[in-house]
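Have a look at start.cif; it's mmCIF, C-alpha atoms:
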data_query
loop_
_atom_site.label_atom_id
_atom_site.label_comp_id
_atom_site.auth_asym_id
_atom_site.auth_seq_id
_atom_site.Cartn_x
_atom_site.Cartn_y
_atom_site.Cartn_z
CA MET A 176 3.86 23.53 20.21
CA PHE A 177 5.54 22.07 17.14
CA PHE A 178 7.66 19.55 19.04
CA HIS A 179 5.92 16.77 20.87
CA PRO A 180 7.09 13.54 22.57
CA MET A 181 5.16 11.60 19.90
CA ASP A 182 7.62 12.97 17.34
CA PHE A 183 10.14 10.43 18.61
CA LEU A 184 7.85 7.54 17.66
CA ILE A 185 7.07 9.22 14.34
CA PHE A 186 10.80 9.47 13.65
CA ILE A 187 11.25 5.75 14.40
CA ALA A 188 8.33 4.83 12.11
CA PHE A 189 9.79 7.05 9.40
CA GLY A 190 13.10 5.21 9.76
CA ILE A 191 11.29 1.89 9.39
CA SER A 192 9.63 3.24 6.25
CA LEU A 193 12.98 4.18 4.70
CA TRP A 194 14.43 0.80 5.62
CA ALA A 195 11.40 -0.98 4.13
CA GLN A 196 11.72 0.93 0.86
CA PHE A 197 15.39 -0.01 0.75
CA ARG A 198 14.47 -3.67 1.32
CA VAL A 199 11.85 -3.57 -1.44
CA SER A 200 14.44 -2.45 -3.96
CA GLY A 201 17.12 -4.78 -2.57
CA ASN A 202 14.92 -7.88 -2.52
CA PHE A 203 13.55 -7.17 -5.97
CA ASN A 204 17.04 -6.75 -7.40
CA GLU A 205 18.27 -9.89 -5.63
CA TRP A 206 15.43 -12.14 -6.78
CA SER A 207 15.39 -10.59 -10.25
CA LYS A 208 18.61 -12.53 -10.77
CA VAL A 209 16.94 -15.85 -9.90
CA PRO A 210 15.08 -17.39 -12.87
CA ALA A 211 11.67 -18.87 -12.10
CA SER A 212 11.41 -22.58 -12.80
CA SER A 213 8.26 -22.00 -14.88
CA GLY A 214 10.23 -19.97 -17.43
CA LEU A 215 7.26 -17.62 -17.82
CA THR A 216 7.38 -13.83 -17.87
CA GLY A 217 5.49 -11.68 -15.41
CA ALA A 218 3.02 -10.76 -18.16
CA GLU A 219 2.42 -14.42 -19.00
CA VAL A 220 1.88 -15.32 -15.35
CA ALA A 221 -0.55 -12.42 -14.94
CA ARG A 222 -2.49 -13.45 -18.04
CA MET A 223 -2.61 -17.08 -16.93
CA ILE A 224 -3.92 -16.34 -13.44
CA LEU A 225 -6.44 -13.82 -14.76
CA ASP A 226 -7.80 -16.35 -17.24
CA ARG A 227 -7.94 -19.09 -14.60
CA ASN A 228 -10.14 -16.78 -12.53
CA GLY A 229 -12.47 -15.87 -15.39
CA LEU A 230 -11.00 -12.40 -15.86
CA HIS A 231 -10.41 -12.71 -19.61
CA HIS A 232 -11.57 -9.11 -20.11
CA VAL A 233 -8.89 -7.65 -17.80
CA PRO A 234 -5.89 -6.54 -19.91
CA VAL A 235 -2.25 -6.68 -18.86
CA GLU A 236 -0.46 -3.51 -19.95
CA LEU A 237 3.11 -2.26 -19.88
CA VAL A 238 3.73 0.85 -17.77
CA PRO A 239 6.93 2.96 -17.67
CA GLY A 240 9.28 2.94 -14.69
CA LYS A 241 10.47 0.44 -12.13
CA LEU A 242 8.25 -0.91 -9.34
CA THR A 243 5.37 1.13 -10.76
CA ASP A 244 3.21 -1.99 -10.99
CA HIS A 245 -0.42 -1.62 -9.98
CA TYR A 246 -3.99 -2.66 -10.59
CA ASP A 247 -6.29 0.10 -11.84
CA PRO A 248 -9.79 -0.58 -10.45
CA ILE A 249 -11.40 2.13 -12.61
CA SER A 250 -10.33 0.72 -15.98
CA ARG A 251 -9.91 -2.78 -14.51
CA THR A 252 -6.41 -3.12 -15.89
CA VAL A 253 -3.27 -4.79 -14.53
CA ARG A 254 -0.26 -2.61 -15.32
CA LEU A 255 3.25 -3.99 -15.01
CA SER A 256 6.60 -2.21 -15.21
CA GLU A 257 9.07 -3.36 -17.85
CA PRO A 258 11.26 -5.46 -15.48
CA VAL A 259 8.14 -7.31 -14.31
CA TYR A 260 6.32 -7.50 -17.64
CA TYR A 261 9.24 -9.06 -19.53
CA GLY A 262 11.13 -10.58 -16.60
CA ARG A 263 11.25 -14.34 -16.04
CA SER A 264 12.52 -14.16 -12.48
CA ILE A 265 11.04 -14.98 -9.09
CA ALA A 266 10.71 -11.25 -8.41
CA SER A 267 8.90 -10.58 -11.69
CA ILE A 268 6.28 -13.29 -11.37
CA SER A 269 5.74 -12.51 -7.66
CA VAL A 270 4.90 -8.87 -8.33
CA ALA A 271 2.74 -9.77 -11.33
CA ALA A 272 0.77 -12.33 -9.33
CA HIS A 273 0.29 -9.83 -6.49
CA GLU A 274 -1.27 -7.25 -8.81
CA VAL A 275 -3.55 -9.91 -10.26
CA GLY A 276 -4.56 -10.66 -6.68
CA HIS A 277 -6.13 -7.20 -6.56
CA ALA A 278 -8.05 -7.88 -9.76
CA VAL A 279 -9.45 -11.09 -8.24
CA GLN A 280 -10.32 -9.19 -5.05
CA HIS A 281 -12.26 -6.74 -7.21
CA LYS A 282 -14.16 -9.51 -8.97
CA GLN A 283 -15.07 -11.18 -5.69
CA SER A 284 -15.98 -7.86 -4.00
CA TYR A 285 -13.44 -8.43 -1.24
CA GLY A 286 -14.78 -6.42 1.71
CA ALA A 287 -11.72 -4.33 2.56
CA LEU A 288 -11.13 -3.46 -1.11
CA VAL A 289 -14.76 -2.41 -1.61
CA LEU A 290 -14.58 -0.22 1.51
CA ARG A 291 -11.33 1.36 0.34
CA HIS A 292 -12.81 2.18 -3.07
CA ARG A 293 -15.86 3.77 -1.46
CA MET A 294 -13.70 5.80 0.90
CA PHE A 295 -11.36 7.10 -1.79
CA PRO A 296 -13.42 10.16 -2.92
CA ILE A 297 -13.90 11.21 0.71
CA VAL A 298 -10.23 10.68 1.59
CA ASN A 299 -9.14 12.50 -1.56
CA PHE A 300 -10.98 15.59 -0.27
CA THR A 301 -10.26 15.36 3.46
CA SER A 302 -6.54 14.63 3.03
CA GLY A 303 -6.19 17.80 0.99
CA VAL A 304 -8.02 20.00 3.50
CA ALA A 305 -6.73 18.48 6.76
CA PRO A 306 -3.17 19.98 6.64
CA PHE A 307 -4.56 23.51 6.29
CA LEU A 308 -6.99 23.04 9.17
CA LEU A 309 -4.30 21.55 11.41
CA PHE A 310 -1.81 24.30 10.54
CA ALA A 311 -4.37 27.05 11.13
CA GLY A 312 -5.38 25.44 14.41
CA PHE A 313 -1.75 25.40 15.59
CA ILE A 314 -0.86 28.93 14.45
CA PHE A 315 -3.99 30.73 15.65
CA LYS A 316 -4.60 28.39 18.60
CA GLN A 317 -8.09 27.72 17.33
CA PHE A 318 -8.87 24.31 18.74
CA SER A 319 -12.15 24.08 16.84
CA LEU A 320 -10.14 24.15 13.60
CA LEU A 321 -7.64 21.69 15.06
CA GLY A 322 -10.45 19.34 16.04
CA LEU A 323 -11.96 19.50 12.56
CA GLY A 324 -8.53 18.88 11.06
CA ILE A 325 -8.13 15.81 13.27
CA ILE A 326 -11.48 14.44 12.08
CA PHE A 327 -10.52 14.99 8.45
CA PHE A 328 -7.06 13.51 8.97
CA SER A 329 -8.57 10.44 10.66
CA PHE A 330 -10.17 9.47 7.33
CA ALA A 331 -6.72 9.25 5.74
CA VAL A 332 -5.47 7.16 8.66
CA ALA A 333 -8.45 4.81 8.37
CA PHE A 334 -7.79 4.49 4.64
CA GLN A 335 -4.21 3.43 5.26
CA LEU A 336 -5.26 0.92 7.91
CA ILE A 337 -7.83 -0.59 5.54
CA THR A 338 -5.12 -0.85 2.89
CA LEU A 339 -3.15 -3.30 5.07
CA PRO A 340 -5.52 -6.29 4.79
CA VAL A 341 -5.99 -5.51 1.09
CA GLU A 342 -2.26 -5.78 0.43
CA PHE A 343 -1.64 -8.78 2.68
CA ASN A 344 -4.57 -10.62 1.16
CA ALA A 345 -3.37 -9.92 -2.39
CA SER A 346 0.06 -11.34 -1.51
CA SER A 347 -1.53 -14.41 0.07
CA ARG A 348 -3.62 -14.97 -3.05
CA ALA A 349 -0.53 -14.54 -5.23
CA LYS A 350 1.38 -17.28 -3.42
CA LYS A 351 -1.61 -19.63 -3.49
CA PHE A 352 -2.13 -19.02 -7.21
CA MET A 353 1.47 -19.69 -8.09
CA LEU A 354 1.70 -22.85 -5.99
CA ALA A 355 -1.63 -24.18 -7.27
CA GLU A 356 -0.67 -23.61 -10.90
CA GLY A 357 2.83 -25.02 -10.42
CA LEU A 358 4.43 -21.69 -11.30
CA ILE A 359 6.80 -22.03 -8.36
CA HIS A 360 8.04 -24.97 -6.31
CA SER A 361 8.55 -25.07 -2.56
CA GLY A 362 12.18 -23.95 -2.83
CA GLU A 363 11.15 -20.76 -4.61
CA GLU A 364 8.54 -19.80 -2.04
CA ARG A 365 11.22 -18.15 0.11
CA GLY A 366 11.98 -15.66 -2.65
CA VAL A 367 8.30 -14.89 -3.15
CA ASN A 368 7.91 -14.24 0.58
CA LYS A 369 10.91 -11.90 0.67
CA VAL A 370 9.80 -9.86 -2.34
CA LEU A 371 6.18 -9.49 -1.26
CA GLY A 372 6.96 -9.26 2.46
CA ALA A 373 9.22 -6.24 2.01
CA ALA A 374 6.56 -4.49 -0.05
CA ALA A 375 3.94 -5.16 2.65
CA LEU A 376 6.23 -3.65 5.29
CA THR A 377 6.18 -0.30 3.48
CA TYR A 378 2.41 -0.14 3.98
CA VAL A 379 2.76 -1.08 7.65
CA ALA A 380 5.34 1.67 8.19
CA ALA A 381 3.20 4.27 6.43
CA ALA A 382 0.23 3.31 8.57
CA LEU A 383 2.34 3.59 11.73
CA ILE A 384 3.48 7.09 10.81
CA SER A 385 -0.11 8.19 10.22
CA VAL A 386 -1.39 6.63 13.45
CA PHE A 387 1.35 8.27 15.51
CA GLU A 388 0.72 11.63 13.85
CA LEU A 389 -3.00 11.33 14.59
CA LEU A 390 -2.29 10.49 18.23
CA LYS A 391 0.01 13.51 18.45
CA PHE A 392 -2.72 15.84 17.16
CA VAL A 393 -5.31 14.33 19.49
CA LEU A 394 -3.03 14.75 22.54
CA ILE A 395 -2.31 18.38 21.61
CA PHE A 396 -6.02 18.99 21.16
CA VAL A 397 -6.87 17.46 24.54
CA GLN A 398 -4.10 19.38 26.29
CA GLY A 399 -5.10 22.65 24.64
CA SER A 400 -8.76 22.16 25.46
CA GLU A 401 -7.94 21.60 29.12
CA GLU A 402 -5.87 24.77 29.27
CA GLU A 403 -8.62 26.96 27.86
#
Using the file provided, produce a representation of the structure as C-alpha coordinates.
Amino acid sequence: MFFHPMDFLIFIAFGISLWAQFRVSGNFNEWSKVPASSGLTGAEVARMILDRNGLHHVPVELVPGKLTDHYDPISRTVRLSEPVYYGRSIASISVAAHEVGHAVQHKQSYGALVLRHRMFPIVNFTSGVAPFLLFAGFIFKQFSLLGLGIIFFSFAVAFQLITLPVEFNASSRAKKFMLAEGLIHSGEERGVNKVLGAAALTYVAAALISVFELLKFVLIFVQGSEEE
(Lines of atoms letter the chains of each structure in order from A and count residues from 1; the text may use other names and numbers.)
(Lines give C-alpha, C1' and ligand atoms only; values in the text may rest on other atoms or scores of the structure.)
Protein backbone atom coordinates (compact mmCIF):
# COMPACT_ATOMS: atom_id res chain seq x y z
CA MET A 1 0.00 0.00 0.00
CA PHE A 2 2.82 2.38 0.85
CA PHE A 3 4.86 1.68 -2.28
CA HIS A 4 3.42 2.67 -5.61
CA PRO A 5 4.83 2.88 -9.17
CA MET A 6 4.33 6.67 -8.99
CA ASP A 7 6.99 6.74 -6.28
CA PHE A 8 9.59 6.34 -9.02
CA LEU A 9 8.49 9.60 -10.67
CA ILE A 10 8.32 11.29 -7.27
CA PHE A 11 11.89 10.19 -6.60
CA ILE A 12 13.03 11.65 -9.94
CA ALA A 13 11.25 14.95 -9.22
CA PHE A 14 12.82 15.03 -5.77
CA GLY A 15 16.23 14.56 -7.38
CA ILE A 16 15.51 17.46 -9.73
CA SER A 17 14.56 19.56 -6.71
CA LEU A 18 17.86 18.82 -4.96
CA TRP A 19 19.79 19.58 -8.14
CA ALA A 20 17.88 22.85 -8.60
CA GLN A 21 18.65 23.95 -5.04
CA PHE A 22 22.31 23.15 -5.65
CA ARG A 23 22.23 25.24 -8.85
CA VAL A 24 20.59 28.17 -7.04
CA SER A 25 23.43 28.30 -4.55
CA GLY A 26 26.09 27.64 -7.20
CA ASN A 27 24.83 30.26 -9.65
CA PHE A 28 24.39 32.84 -6.92
CA ASN A 29 27.92 32.26 -5.65
CA GLU A 30 29.34 32.35 -9.19
CA TRP A 31 27.64 35.59 -10.22
CA SER A 32 28.22 37.17 -6.82
CA LYS A 33 31.83 37.43 -7.95
CA VAL A 34 30.88 39.39 -11.09
CA PRO A 35 30.42 43.13 -10.40
CA ALA A 36 27.43 44.77 -12.07
CA SER A 37 28.34 47.53 -14.49
CA SER A 38 25.90 49.90 -12.76
CA GLY A 39 27.94 49.77 -9.54
CA LEU A 40 24.72 49.83 -7.51
CA THR A 41 23.88 47.61 -4.56
CA GLY A 42 20.88 45.33 -4.48
CA ALA A 43 19.16 47.71 -2.05
CA GLU A 44 19.79 50.68 -4.35
CA VAL A 45 18.45 48.81 -7.37
CA ALA A 46 15.36 47.77 -5.42
CA ARG A 47 14.74 51.33 -4.27
CA MET A 48 15.22 52.71 -7.77
CA ILE A 49 12.81 50.29 -9.43
CA LEU A 50 10.23 50.73 -6.68
CA ASP A 51 10.35 54.51 -7.07
CA ARG A 52 10.15 54.28 -10.86
CA ASN A 53 6.92 52.31 -10.43
CA GLY A 54 5.38 54.72 -7.93
CA LEU A 55 5.99 52.46 -4.93
CA HIS A 56 7.70 55.09 -2.78
CA HIS A 57 5.86 53.79 0.30
CA VAL A 58 7.29 50.26 -0.01
CA PRO A 59 10.39 49.96 2.22
CA VAL A 60 13.48 47.88 1.48
CA GLU A 61 14.64 46.11 4.64
CA LEU A 62 17.60 43.95 5.60
CA VAL A 63 16.75 40.39 6.66
CA PRO A 64 19.14 37.85 8.27
CA GLY A 65 20.44 34.82 6.38
CA LYS A 66 21.43 33.99 2.84
CA LEU A 67 18.91 33.65 -0.01
CA THR A 68 16.15 34.59 2.44
CA ASP A 69 15.02 37.41 0.16
CA HIS A 70 11.28 37.88 -0.25
CA TYR A 71 8.43 40.30 -0.69
CA ASP A 72 5.97 40.47 2.21
CA PRO A 73 2.52 41.24 0.76
CA ILE A 74 0.97 41.82 4.20
CA SER A 75 3.31 44.64 5.27
CA ARG A 76 4.15 45.46 1.64
CA THR A 77 7.87 45.29 2.29
CA VAL A 78 10.79 44.08 0.17
CA ARG A 79 13.24 42.21 2.39
CA LEU A 80 16.74 41.43 1.17
CA SER A 81 19.43 39.23 2.70
CA GLU A 82 22.78 40.83 3.52
CA PRO A 83 24.63 39.52 0.42
CA VAL A 84 21.88 40.97 -1.78
CA TYR A 85 21.23 44.17 0.17
CA TYR A 86 24.87 45.29 0.20
CA GLY A 87 26.14 43.35 -2.82
CA ARG A 88 27.05 45.10 -6.08
CA SER A 89 27.13 41.96 -8.19
CA ILE A 90 24.98 40.59 -10.99
CA ALA A 91 23.53 38.06 -8.55
CA SER A 92 22.65 40.71 -5.97
CA ILE A 93 20.83 43.08 -8.29
CA SER A 94 19.05 40.18 -10.05
CA VAL A 95 17.55 38.87 -6.83
CA ALA A 96 16.66 42.37 -5.64
CA ALA A 97 14.91 43.20 -8.91
CA HIS A 98 13.00 39.89 -8.79
CA GLU A 99 11.59 40.65 -5.34
CA VAL A 100 10.58 44.13 -6.49
CA GLY A 101 8.80 42.40 -9.36
CA HIS A 102 6.43 40.90 -6.79
CA ALA A 103 5.77 44.33 -5.30
CA VAL A 104 4.85 45.65 -8.75
CA GLN A 105 2.63 42.61 -9.33
CA HIS A 106 0.86 43.47 -6.08
CA LYS A 107 0.33 47.08 -7.12
CA GLN A 108 -1.05 46.07 -10.51
CA SER A 109 -3.22 43.27 -9.04
CA TYR A 110 -1.55 40.65 -11.20
CA GLY A 111 -4.15 37.89 -11.54
CA ALA A 112 -2.12 34.88 -10.43
CA LEU A 113 -0.72 36.76 -7.43
CA VAL A 114 -4.18 37.91 -6.33
CA LEU A 115 -5.49 34.35 -6.63
CA ARG A 116 -2.55 33.00 -4.63
CA HIS A 117 -3.13 35.53 -1.84
CA ARG A 118 -6.81 34.64 -1.67
CA MET A 119 -6.04 30.92 -1.58
CA PHE A 120 -3.42 31.18 1.16
CA PRO A 121 -5.76 31.00 4.21
CA ILE A 122 -7.53 27.98 2.71
CA VAL A 123 -4.27 26.24 1.78
CA ASN A 124 -2.81 27.01 5.20
CA PHE A 125 -5.67 25.00 6.74
CA THR A 126 -6.03 22.19 4.20
CA SER A 127 -2.30 21.48 3.95
CA GLY A 128 -2.19 20.95 7.70
CA VAL A 129 -5.16 18.59 7.78
CA ALA A 130 -4.55 16.64 4.55
CA PRO A 131 -1.61 14.48 5.81
CA PHE A 132 -3.69 13.21 8.76
CA LEU A 133 -6.64 12.37 6.53
CA LEU A 134 -4.44 10.60 3.99
CA PHE A 135 -2.59 8.65 6.69
CA ALA A 136 -5.82 7.61 8.40
CA GLY A 137 -7.30 6.60 5.06
CA PHE A 138 -4.29 4.37 4.32
CA ILE A 139 -4.04 2.78 7.78
CA PHE A 140 -7.74 2.09 8.37
CA LYS A 141 -8.56 1.59 4.68
CA GLN A 142 -11.24 4.24 4.93
CA PHE A 143 -11.50 5.52 1.40
CA SER A 144 -13.91 8.28 2.40
CA LEU A 145 -11.13 9.78 4.53
CA LEU A 146 -8.63 9.20 1.73
CA GLY A 147 -10.90 10.96 -0.74
CA LEU A 148 -11.32 13.94 1.59
CA GLY A 149 -7.56 14.04 2.10
CA ILE A 150 -7.06 14.10 -1.67
CA ILE A 151 -9.45 17.04 -2.00
CA PHE A 152 -7.64 18.95 0.74
CA PHE A 153 -4.22 18.09 -0.70
CA SER A 154 -5.33 19.26 -4.16
CA PHE A 155 -5.59 22.82 -2.81
CA ALA A 156 -1.88 22.75 -1.93
CA VAL A 157 -1.05 21.40 -5.38
CA ALA A 158 -3.12 24.13 -7.04
CA PHE A 159 -1.35 26.73 -4.91
CA GLN A 160 2.05 25.52 -6.08
CA LEU A 161 0.94 25.50 -9.72
CA ILE A 162 -0.35 29.06 -9.40
CA THR A 163 2.99 30.06 -7.89
CA LEU A 164 4.78 29.17 -11.14
CA PRO A 165 3.45 32.03 -13.29
CA VAL A 166 3.89 34.40 -10.34
CA GLU A 167 7.60 33.59 -10.09
CA PHE A 168 8.27 33.49 -13.83
CA ASN A 169 6.48 36.79 -14.32
CA ALA A 170 8.45 38.43 -11.50
CA SER A 171 11.71 37.31 -13.12
CA SER A 172 10.57 38.59 -16.51
CA ARG A 173 9.70 41.95 -14.98
CA ALA A 174 13.08 42.06 -13.23
CA LYS A 175 15.00 41.63 -16.48
CA LYS A 176 12.87 44.21 -18.28
CA PHE A 177 13.31 46.71 -15.45
CA MET A 178 17.07 46.33 -15.37
CA LEU A 179 17.46 46.59 -19.13
CA ALA A 180 15.10 49.57 -19.39
CA GLU A 181 16.91 51.46 -16.63
CA GLY A 182 20.36 50.58 -17.98
CA LEU A 183 21.24 48.65 -14.84
CA ILE A 184 22.65 45.82 -16.94
CA HIS A 185 23.94 45.59 -20.50
CA SER A 186 23.34 42.78 -22.96
CA GLY A 187 26.48 40.91 -21.88
CA GLU A 188 25.24 40.72 -18.30
CA GLU A 189 21.84 39.34 -19.22
CA ARG A 190 23.26 35.80 -19.29
CA GLY A 191 24.14 36.03 -15.60
CA VAL A 192 20.70 37.36 -14.73
CA ASN A 193 19.08 34.47 -16.60
CA LYS A 194 21.23 31.88 -14.83
CA VAL A 195 20.56 33.27 -11.35
CA LEU A 196 16.82 33.68 -11.79
CA GLY A 197 16.39 30.59 -13.97
CA ALA A 198 17.84 28.28 -11.33
CA ALA A 199 15.54 29.75 -8.70
CA ALA A 200 12.51 29.23 -10.96
CA LEU A 201 13.46 25.58 -11.46
CA THR A 202 13.09 24.94 -7.72
CA TYR A 203 9.43 25.95 -7.96
CA VAL A 204 8.92 23.74 -11.00
CA ALA A 205 10.44 20.75 -9.20
CA ALA A 206 8.32 21.33 -6.10
CA ALA A 207 5.20 21.50 -8.24
CA LEU A 208 6.15 18.27 -10.01
CA ILE A 209 6.58 16.45 -6.71
CA SER A 210 3.17 17.61 -5.52
CA VAL A 211 1.43 16.71 -8.79
CA PHE A 212 2.95 13.22 -8.81
CA GLU A 213 1.99 12.69 -5.17
CA LEU A 214 -1.58 13.78 -5.91
CA LEU A 215 -1.77 11.39 -8.87
CA LYS A 216 -0.49 8.59 -6.66
CA PHE A 217 -3.21 9.20 -4.06
CA VAL A 218 -5.90 9.42 -6.74
CA LEU A 219 -4.80 6.12 -8.32
CA ILE A 220 -4.79 4.40 -4.93
CA PHE A 221 -8.23 5.80 -4.22
CA VAL A 222 -9.61 4.60 -7.55
CA GLN A 223 -8.06 1.16 -7.16
CA GLY A 224 -9.34 0.82 -3.59
CA SER A 225 -12.82 1.93 -4.53
CA GLU A 226 -12.99 -0.67 -7.28
CA GLU A 227 -11.93 -3.43 -4.91
CA GLU A 228 -14.61 -2.63 -2.36
**Q.** Hits of the PyMOL selection byres ((chain A and resi 344) around 10) in this structure, as a ChimeraX atom specification
**A.** /A:273,276-277,280,285,287-288,338-343,345-349
(Q) To one decimal place in Å, what is the distance between atom CA of A:Lys241 and atom CA of A:Glu257? (A) 7.0 Å
Q) If you apply the PyMOL selection byres ((chain A and resi 222) around 12) to this file, what residues do you get, as a ChimeraX atom specification? A) /A:215-221,223-236,252-255,260,268,271-272,274-276,278
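The interatomic distance for the pair atom CA of A:Phe300 and atom CA of A:Gln335 works out to 15.0 Å.
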Q: For the file shown, report as an MDAnalysis selection string the outcome of the PyMOL selection byres ((chain A and resi 202-205) around 12) at residue level.
A: chainID A and resid 194:201 206:210 241:242 258:259 262 264:270 365:374
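Here the question is which of A:Ser256, A:Ser329, A:Ser385, A:Thr301 gets nearest to A:Ser192 using all atoms listed in the file, and that residue is A:Ser385.
Picture a line from atom CA of A:Ala333 to atom CA of A:Val304; it runs 16.0 Å.
Using all atoms listed in the file, the residues found no farther than 6 Å from stretch 183-190 of chain A, other than those of its own chain fewer than 6 positions away, are Ala380, Ile384 and Phe387 of chain A.
Counting all atoms listed in the file, stretch 316-322 of chain A has the following residues at most 10 Å away, ignoring those fewer than 5 positions along the same chain: Met176, Ala305, Pro306, Phe307, Leu308, Leu309, Phe310, Ala311, Phe327, Phe328, Phe392, Val393, Ile395, Phe396, Val397, Gly399, Ser400 and Glu403 of chain A.
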Please extract stretch 333-375 of chain A and write it out with N, CA and C atoms, as a tab-separated table (two decimals), in the first residue's frame.
chain	number	residue	atom	x	y	z
A	333	ALA	N	-2.68	22.99	-6.24
A	333	ALA	CA	-3.12	24.13	-7.04
A	333	ALA	C	-2.36	25.38	-6.67
A	334	PHE	N	-2.10	25.56	-5.39
A	334	PHE	CA	-1.35	26.73	-4.91
A	334	PHE	C	0.06	26.75	-5.50
A	335	GLN	N	0.70	25.59	-5.53
A	335	GLN	CA	2.05	25.52	-6.08
A	335	GLN	C	2.05	25.75	-7.59
A	336	LEU	N	1.03	25.27	-8.27
A	336	LEU	CA	0.94	25.50	-9.72
A	336	LEU	C	0.71	26.98	-10.02
A	337	ILE	N	-0.10	27.64	-9.21
A	337	ILE	CA	-0.35	29.06	-9.40
A	337	ILE	C	0.90	29.88	-9.11
A	338	THR	N	1.74	29.36	-8.23
A	338	THR	CA	2.99	30.06	-7.89
A	338	THR	C	3.92	30.16	-9.10
A	339	LEU	N	3.86	29.18	-9.99
A	339	LEU	CA	4.78	29.17	-11.14
A	339	LEU	C	4.68	30.43	-12.00
A	340	PRO	N	3.49	30.80	-12.50
A	340	PRO	CA	3.45	32.03	-13.29
A	340	PRO	C	3.80	33.27	-12.49
A	341	VAL	N	3.53	33.26	-11.19
A	341	VAL	CA	3.89	34.40	-10.34
A	341	VAL	C	5.40	34.59	-10.34
A	342	GLU	N	6.14	33.50	-10.16
A	342	GLU	CA	7.60	33.59	-10.09
A	342	GLU	C	8.22	33.89	-11.45
A	343	PHE	N	7.73	33.23	-12.50
A	343	PHE	CA	8.27	33.49	-13.83
A	343	PHE	C	8.00	34.92	-14.27
A	344	ASN	N	6.82	35.42	-13.95
A	344	ASN	CA	6.48	36.79	-14.32
A	344	ASN	C	7.34	37.80	-13.57
A	345	ALA	N	7.61	37.52	-12.29
A	345	ALA	CA	8.45	38.43	-11.50
A	345	ALA	C	9.87	38.49	-12.08
A	346	SER	N	10.38	37.34	-12.52
A	346	SER	CA	11.71	37.31	-13.12
A	346	SER	C	11.72	38.05	-14.45
A	347	SER	N	10.67	37.88	-15.24
A	347	SER	CA	10.57	38.59	-16.51
A	347	SER	C	10.52	40.09	-16.30
A	348	ARG	N	9.77	40.53	-15.31
A	348	ARG	CA	9.70	41.95	-14.98
A	348	ARG	C	11.07	42.46	-14.54
A	349	ALA	N	11.77	41.65	-13.73
A	349	ALA	CA	13.08	42.06	-13.23
A	349	ALA	C	14.04	42.35	-14.38
A	350	LYS	N	14.09	41.44	-15.34
A	350	LYS	CA	15.00	41.63	-16.48
A	350	LYS	C	14.62	42.85	-17.30
A	351	LYS	N	13.32	43.05	-17.52
A	351	LYS	CA	12.87	44.21	-18.28
A	351	LYS	C	13.20	45.51	-17.56
A	352	PHE	N	13.00	45.53	-16.24
A	352	PHE	CA	13.31	46.71	-15.45
A	352	PHE	C	14.79	47.08	-15.58
A	353	MET	N	15.63	46.07	-15.38
A	353	MET	CA	17.07	46.33	-15.37
A	353	MET	C	17.59	46.78	-16.73
A	354	LEU	N	17.06	46.18	-17.79
A	354	LEU	CA	17.46	46.59	-19.13
A	354	LEU	C	16.95	47.99	-19.46
A	355	ALA	N	15.70	48.26	-19.09
A	355	ALA	CA	15.10	49.57	-19.39
A	355	ALA	C	15.81	50.70	-18.64
A	356	GLU	N	16.25	50.43	-17.43
A	356	GLU	CA	16.91	51.46	-16.63
A	356	GLU	C	18.43	51.48	-16.84
A	357	GLY	N	18.92	50.61	-17.71
A	357	GLY	CA	20.36	50.58	-17.98
A	357	GLY	C	21.18	50.03	-16.83
A	358	LEU	N	20.53	49.21	-15.99
A	358	LEU	CA	21.24	48.65	-14.84
A	358	LEU	C	22.12	47.47	-15.25
A	359	ILE	N	21.81	46.87	-16.38
A	359	ILE	CA	22.65	45.82	-16.94
A	359	ILE	C	22.76	46.06	-18.45
A	360	HIS	N	23.83	45.56	-19.05
A	360	HIS	CA	23.94	45.59	-20.50
A	360	HIS	C	23.73	44.19	-21.04
A	361	SER	N	23.67	44.06	-22.34
A	361	SER	CA	23.34	42.78	-22.96
A	361	SER	C	24.26	41.64	-22.53
A	362	GLY	N	25.53	41.94	-22.28
A	362	GLY	CA	26.48	40.91	-21.88
A	362	GLY	C	26.22	40.37	-20.49
A	363	GLU	N	25.52	41.15	-19.67
A	363	GLU	CA	25.24	40.72	-18.30
A	363	GLU	C	23.92	39.96	-18.18
A	364	GLU	N	23.15	39.98	-19.25
A	364	GLU	CA	21.84	39.34	-19.22
A	364	GLU	C	21.97	37.83	-19.00
A	365	ARG	N	23.03	37.24	-19.48
A	365	ARG	CA	23.26	35.80	-19.29
A	365	ARG	C	23.32	35.45	-17.80
A	366	GLY	N	24.03	36.27	-17.04
A	366	GLY	CA	24.14	36.03	-15.60
A	366	GLY	C	22.81	36.17	-14.90
A	367	VAL	N	22.03	37.16	-15.30
A	367	VAL	CA	20.70	37.36	-14.73
A	367	VAL	C	19.83	36.14	-15.01
A	368	ASN	N	19.88	35.64	-16.24
A	368	ASN	CA	19.08	34.47	-16.60
A	368	ASN	C	19.48	33.23	-15.80
A	369	LYS	N	20.76	33.06	-15.57
A	369	LYS	CA	21.23	31.88	-14.83
A	369	LYS	C	20.80	31.95	-13.36
A	370	VAL	N	20.93	33.12	-12.77
A	370	VAL	CA	20.56	33.27	-11.35
A	370	VAL	C	19.07	33.07	-11.15
A	371	LEU	N	18.26	33.76	-11.95
A	371	LEU	CA	16.82	33.68	-11.79
A	371	LEU	C	16.24	32.38	-12.35
A	372	GLY	N	16.87	31.84	-13.39
A	372	GLY	CA	16.39	30.59	-13.97
A	372	GLY	C	16.52	29.43	-13.02
A	373	ALA	N	17.64	29.36	-12.30
A	373	ALA	CA	17.84	28.28	-11.33
A	373	ALA	C	16.81	28.36	-10.21
A	374	ALA	N	16.53	29.58	-9.76
A	374	ALA	CA	15.54	29.75	-8.70
A	374	ALA	C	14.16	29.30	-9.18
A	375	ALA	N	13.82	29.63	-10.42
A	375	ALA	CA	12.51	29.23	-10.96
A	375	ALA	C	12.39	27.71	-11.04
